[in-house]
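J.: Before we start, here is the structure in question, set down as structure tokens.
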Amino acid sequence: MKIIDTSTMIEDDFDKFTLHQIYNGLDACVTYEVLDALLPQLDNYTAGTYEFSRALQGPALEMRLRGVRIDNRRRQEVIEEYYESLSALEAQLEYIVSEGCGLWNFNWRSNSDLKELFYVRLGIPPIRKQGRITVDRSALEKMEAYTVAKPIVRHLEAMRDIGKKIQVLKTAIDSDCRIRTSYNIGGTSTGRFSSSFSEFGTGTNLQNIEESLRSVFISDPGMKMAYLDAQQGESRVVGAIEWNLFRDGRYLDACEGGDLHTAVAKLCWPELDWPGDLAGDREVAERIYYRHYDRRFMCKKIGHGSNYGGKPRTLAAQAKVDIDVISDFQPKYFLAFPAHLRWHADVQQRLNRTGHLVSLTGRKRWFLGRRSDDSTLREAIAYDPQGSLADILNGGMLNVWRSTVGCQLLMQIHDAILIQYPEEQEDKIIPKVLKQLEQPLALKHDRELVIPYDAKVGWNWGKYDSSENVDGLKTWKGGDTRQRTKEMHLLDRPVRRAYRRG
DNA sequence: AAATTTAGCGCG
DNA sequence: AAAGCGCGCTAAATTT
């Protein structure tokens, strides 16, 4: 054994391999020295958080290693279809812009080209966002009101939608037809995971995949998937915080009593025909409202946004409703749940006095922004529910991972996990998984927080659809009689589309 | 030519 | 002038 003093060594004295070993050694040893300096600084809260983070390395590394199987044939097909639609739209738009507006060498992805087109050539008054001129989606939507802009805008909206999907679909996957991500356990200020490309440079963030692309993620042969998501998780945590602080359980009661987002929808659109029962109301709330989103989805935004200090104008813009809808809604909402405003005031006070907060699950965070800034207060308000739910979800995930229920973790998506298991054992495994996830958290004044999980099962990550996606996720009720669609040999498949000429 | 910043957009 | 929070990725634009 040879000891190398890196403070005096001369690089030229060593071969490349040895230099790599030295580099690795420094990586490990210096990190260890840092740990020596950090450990004495831990307090009761941060020591717990550190231990928890270390424990999460197990499931996180396993998910990173395993990856998720991709239906590559379907992926390629979809990419091709999207590319075809995109190039057709591109050609049409190029024609409109060159012949109609006299703009050559126009690039629809270039925001400066778009600003030139709309705000100079077409003479539309510039639309601003935080003081800056913008051509984002909401600006495009506003410009639909101008007859000259409308066909262009319609093209751009469709092209951006498709372009975004292509971007995700063409992400490089590994040679074993699996997509892998790298979870970063300490990657956020709240305690959530972050997700990004894998250590091999393949894959991507898997926590922002849109619903329409999820069906290309499939389970392994003989395995079936379950998507388990915490029902109204963040809202329940808000309710739990308010219970602990003020012994005011009205919001938690509301979460536990019914569907909160539907209740918000009823407050926002009282003029709609609400049947009055849980299932009927939910059906009304789930009718498509804007793009592919339903009212219930919009109300999630309105509810969360209001909880976290959102103002009518912003929330109205986000939920695509008239500002009056929110201005009418919020007073009713804060009257029904007065603890919300008390909680905000309490956060403000703690922030001013101490500069840090400890969440419901005992996670401590310092706030380094100016304490007098509104944005610092809003960060602080959002912190506890967001961080606590992450801890609760991850705690449940850790239970599942440590247990012997016989499933494999595939993904963590903030308030949900995706797992797979031998399909014939579904009805044995799902209840056990739910039990591991739904462990109660003790609150003050003799109450518990239990977050129920919704389980959906299938052979791919997309939503079940009787015509489009029969293998997709369907709410688990026990006894799913479906059989997985057989994979068809390439040559046996019907030809879907003729080659385009040209 | 390479590195960094900006704008836009997807998810929870 | 604007006022939910938390992320990561891409193409274009800008700086080095």
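Residue numbering restarts at 1 in every chain; chains get A, B, ... in the order shown in the structure tokens, and ligands count up from 1 in that same order.
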Using only C-alpha atoms (C1' of nucleotides), find the residues of chain A whose closest atom to chain B is at most 6 Å away, then write them as number ranges by chain.
T.: A: 207-208, 414
J.: Using only C-alpha atoms (C1' of nucleotides), determine which residues of chain C fall within 7 Å of chain A; present them as a ChimeraX atom specification.
T.: /C:1-2,4-5,7-8,12
J.: Which residues are near segment 369-371 of chain A? Cut-off 12 Å, only C-alpha atoms (C1' of nucleotides), ignore same chain within fewer than 6 positions. Put them as a VMD selection string.
T.: chain A and resid 347 to 356 377 to 380
J.: DSSP says strand (DSSP E or B) for which residues of segment 170-375 of chain A? Put them as a VMD selection string?
T.: chain A and resid 178 to 179 181 to 184 194 to 197 217 to 218 223 to 230 288 to 290 293 to 294 356 to 358 364 to 366
J.: Go ahead and save the picked residues with N, CA, C and O atoms, as a short mmCIF file (atom, residue, chain, number, x, y, z; two decimals), in the first residue's frame.
T.:
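The file below, result.cif, is the result:
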data_model
loop_
_atom_site.label_atom_id
_atom_site.label_comp_id
_atom_site.auth_asym_id
_atom_site.auth_seq_id
_atom_site.Cartn_x
_atom_site.Cartn_y
_atom_site.Cartn_z
N ARG A 178 -35.84 0.26 -21.83
CA ARG A 178 -36.36 0.81 -20.58
C ARG A 178 -35.94 2.26 -20.48
O ARG A 178 -34.87 2.64 -20.96
N ILE A 179 -36.79 3.04 -19.86
CA ILE A 179 -36.42 4.43 -19.62
C ILE A 179 -36.04 4.56 -18.15
O ILE A 179 -36.68 3.96 -17.29
N THR A 181 -34.62 7.14 -14.92
CA THR A 181 -34.49 8.51 -14.43
C THR A 181 -33.58 8.50 -13.22
O THR A 181 -33.31 7.44 -12.65
N SER A 182 -33.09 9.65 -12.85
CA SER A 182 -32.27 9.75 -11.67
C SER A 182 -33.02 10.57 -10.63
O SER A 182 -33.28 11.75 -10.86
N TYR A 183 -33.43 9.93 -9.57
CA TYR A 183 -34.13 10.66 -8.51
C TYR A 183 -33.11 11.35 -7.61
O TYR A 183 -32.12 10.74 -7.21
N ASN A 184 -33.37 12.59 -7.31
CA ASN A 184 -32.51 13.32 -6.39
C ASN A 184 -33.28 13.52 -5.09
O ASN A 184 -34.27 14.25 -5.04
N SER A 194 -36.62 15.27 -6.75
CA SER A 194 -36.64 15.76 -8.11
C SER A 194 -36.19 14.61 -9.00
O SER A 194 -35.63 13.61 -8.52
N SER A 195 -36.45 14.74 -10.27
CA SER A 195 -36.17 13.66 -11.21
C SER A 195 -35.57 14.24 -12.48
O SER A 195 -36.05 15.26 -12.97
N SER A 196 -34.52 13.62 -12.97
CA SER A 196 -33.90 14.14 -14.19
C SER A 196 -33.29 12.98 -14.97
O SER A 196 -33.46 11.82 -14.60
N PHE A 197 -32.57 13.29 -16.04
CA PHE A 197 -31.96 12.26 -16.87
C PHE A 197 -31.09 11.33 -16.03
O PHE A 197 -30.55 11.72 -15.00
N PHE A 217 -45.56 3.67 -21.42
CA PHE A 217 -44.87 3.06 -20.27
C PHE A 217 -45.64 1.79 -19.91
O PHE A 217 -46.81 1.87 -19.57
N ILE A 218 -44.96 0.63 -19.99
CA ILE A 218 -45.68 -0.63 -19.78
C ILE A 218 -45.01 -1.48 -18.71
O ILE A 218 -43.84 -1.28 -18.36
N MET A 223 -46.22 -9.16 -15.49
CA MET A 223 -46.44 -8.19 -14.43
C MET A 223 -47.55 -7.22 -14.81
O MET A 223 -47.79 -6.96 -15.98
N LYS A 224 -48.19 -6.69 -13.77
CA LYS A 224 -49.23 -5.70 -13.97
C LYS A 224 -48.89 -4.50 -13.10
O LYS A 224 -48.22 -4.63 -12.08
N MET A 225 -49.35 -3.34 -13.53
CA MET A 225 -48.99 -2.11 -12.82
C MET A 225 -50.10 -1.63 -11.91
O MET A 225 -51.28 -1.84 -12.20
N ALA A 226 -49.72 -0.94 -10.86
CA ALA A 226 -50.71 -0.20 -10.07
C ALA A 226 -50.20 1.21 -9.84
O ALA A 226 -49.01 1.42 -9.56
N TYR A 227 -51.08 2.15 -10.03
CA TYR A 227 -50.78 3.56 -9.75
C TYR A 227 -51.55 3.92 -8.50
O TYR A 227 -52.78 3.83 -8.47
N LEU A 228 -50.82 4.29 -7.46
CA LEU A 228 -51.46 4.55 -6.17
C LEU A 228 -51.24 6.01 -5.81
O LEU A 228 -50.10 6.43 -5.59
N ASP A 229 -52.32 6.77 -5.79
CA ASP A 229 -52.12 8.19 -5.49
C ASP A 229 -52.89 8.63 -4.26
O ASP A 229 -54.00 8.16 -3.98
N ALA A 230 -52.23 9.51 -3.50
CA ALA A 230 -52.80 10.02 -2.25
C ALA A 230 -53.99 10.92 -2.60
O ALA A 230 -53.85 11.89 -3.32
N ILE A 288 -65.40 18.01 -19.58
CA ILE A 288 -64.30 18.80 -20.16
C ILE A 288 -64.66 20.29 -20.15
O ILE A 288 -65.77 20.69 -20.50
N TYR A 289 -63.68 21.08 -19.74
CA TYR A 289 -63.92 22.52 -19.63
C TYR A 289 -63.01 23.34 -20.54
O TYR A 289 -63.44 24.24 -21.24
N TYR A 290 -61.71 23.02 -20.51
CA TYR A 290 -60.74 23.79 -21.28
C TYR A 290 -59.64 22.85 -21.75
O TYR A 290 -59.12 22.09 -20.95
N TYR A 293 -58.78 19.54 -20.11
CA TYR A 293 -58.96 19.61 -18.66
C TYR A 293 -60.44 19.77 -18.28
O TYR A 293 -61.19 20.48 -18.94
N ASP A 294 -60.83 19.17 -17.17
CA ASP A 294 -62.21 19.32 -16.69
C ASP A 294 -62.29 20.36 -15.57
O ASP A 294 -61.26 20.89 -15.13
N HIS A 356 -37.48 30.45 10.27
CA HIS A 356 -37.57 29.05 9.82
C HIS A 356 -38.91 28.46 10.24
O HIS A 356 -39.62 29.01 11.08
N LEU A 357 -39.24 27.34 9.62
CA LEU A 357 -40.46 26.61 9.97
C LEU A 357 -40.11 25.14 10.18
O LEU A 357 -39.16 24.64 9.60
N VAL A 358 -40.90 24.48 11.02
CA VAL A 358 -40.81 23.02 11.15
C VAL A 358 -42.16 22.47 10.69
O VAL A 358 -43.20 22.87 11.18
N LYS A 364 -37.36 20.73 9.01
CA LYS A 364 -37.04 22.14 9.28
C LYS A 364 -36.50 22.81 8.03
O LYS A 364 -35.68 22.22 7.32
N ARG A 365 -36.98 24.00 7.76
CA ARG A 365 -36.46 24.75 6.60
C ARG A 365 -36.26 26.20 6.97
O ARG A 365 -37.15 26.84 7.53
N TRP A 366 -35.09 26.70 6.62
CA TRP A 366 -34.81 28.12 6.77
C TRP A 366 -35.25 28.85 5.52
O TRP A 366 -35.09 28.34 4.41
#
J.: Which polymer residues have any atom within 9 Å of an atom of Trp343 of chain A, counting only C-alpha atoms (C1' of nucleotides), with same-chain residues fewer than 2 positions away left out, as a list in words?
T.: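 Those residues are Ile241, Glu242, Leu245, Phe246, Pro338, Ala339, His340, Leu341, Ala345, Asp346, Val347, Gln348 and Ile381 of chain A.
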J.: Go ahead and save the picked residues with C-alpha atoms, as a PDB file, in the first residue's frame.
T.:
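What ended up in part21.pdb:
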ATOM      1  CA  ILE A 241     -51.932  21.708  10.250  1.00  0.00           C
ATOM      2  CA  GLU A 242     -55.001  23.793  11.099  1.00  0.00           C
ATOM      3  CA  LEU A 245     -52.592  24.855  15.431  1.00  0.00           C
ATOM      4  CA  PHE A 246     -56.125  25.938  16.313  1.00  0.00           C
ATOM      5  CA  PRO A 338     -61.568  30.656   8.477  1.00  0.00           C
ATOM      6  CA  ALA A 339     -58.557  28.709   9.734  1.00  0.00           C
ATOM      7  CA  HIS A 340     -56.846  29.261   6.389  1.00  0.00           C
ATOM      8  CA  LEU A 341     -56.273  32.962   7.069  1.00  0.00           C
ATOM      9  CA  ALA A 345     -50.957  34.813   9.788  1.00  0.00           C
ATOM     10  CA  ASP A 346     -49.293  32.226  11.990  1.00  0.00           C
ATOM     11  CA  VAL A 347     -46.753  31.400   9.282  1.00  0.00           C
ATOM     12  CA  GLN A 348     -46.030  35.094   8.812  1.00  0.00           C
ATOM     13  CA  ILE A 381     -47.115  28.914   3.452  1.00  0.00           C
TER      14      ILE A 381
END
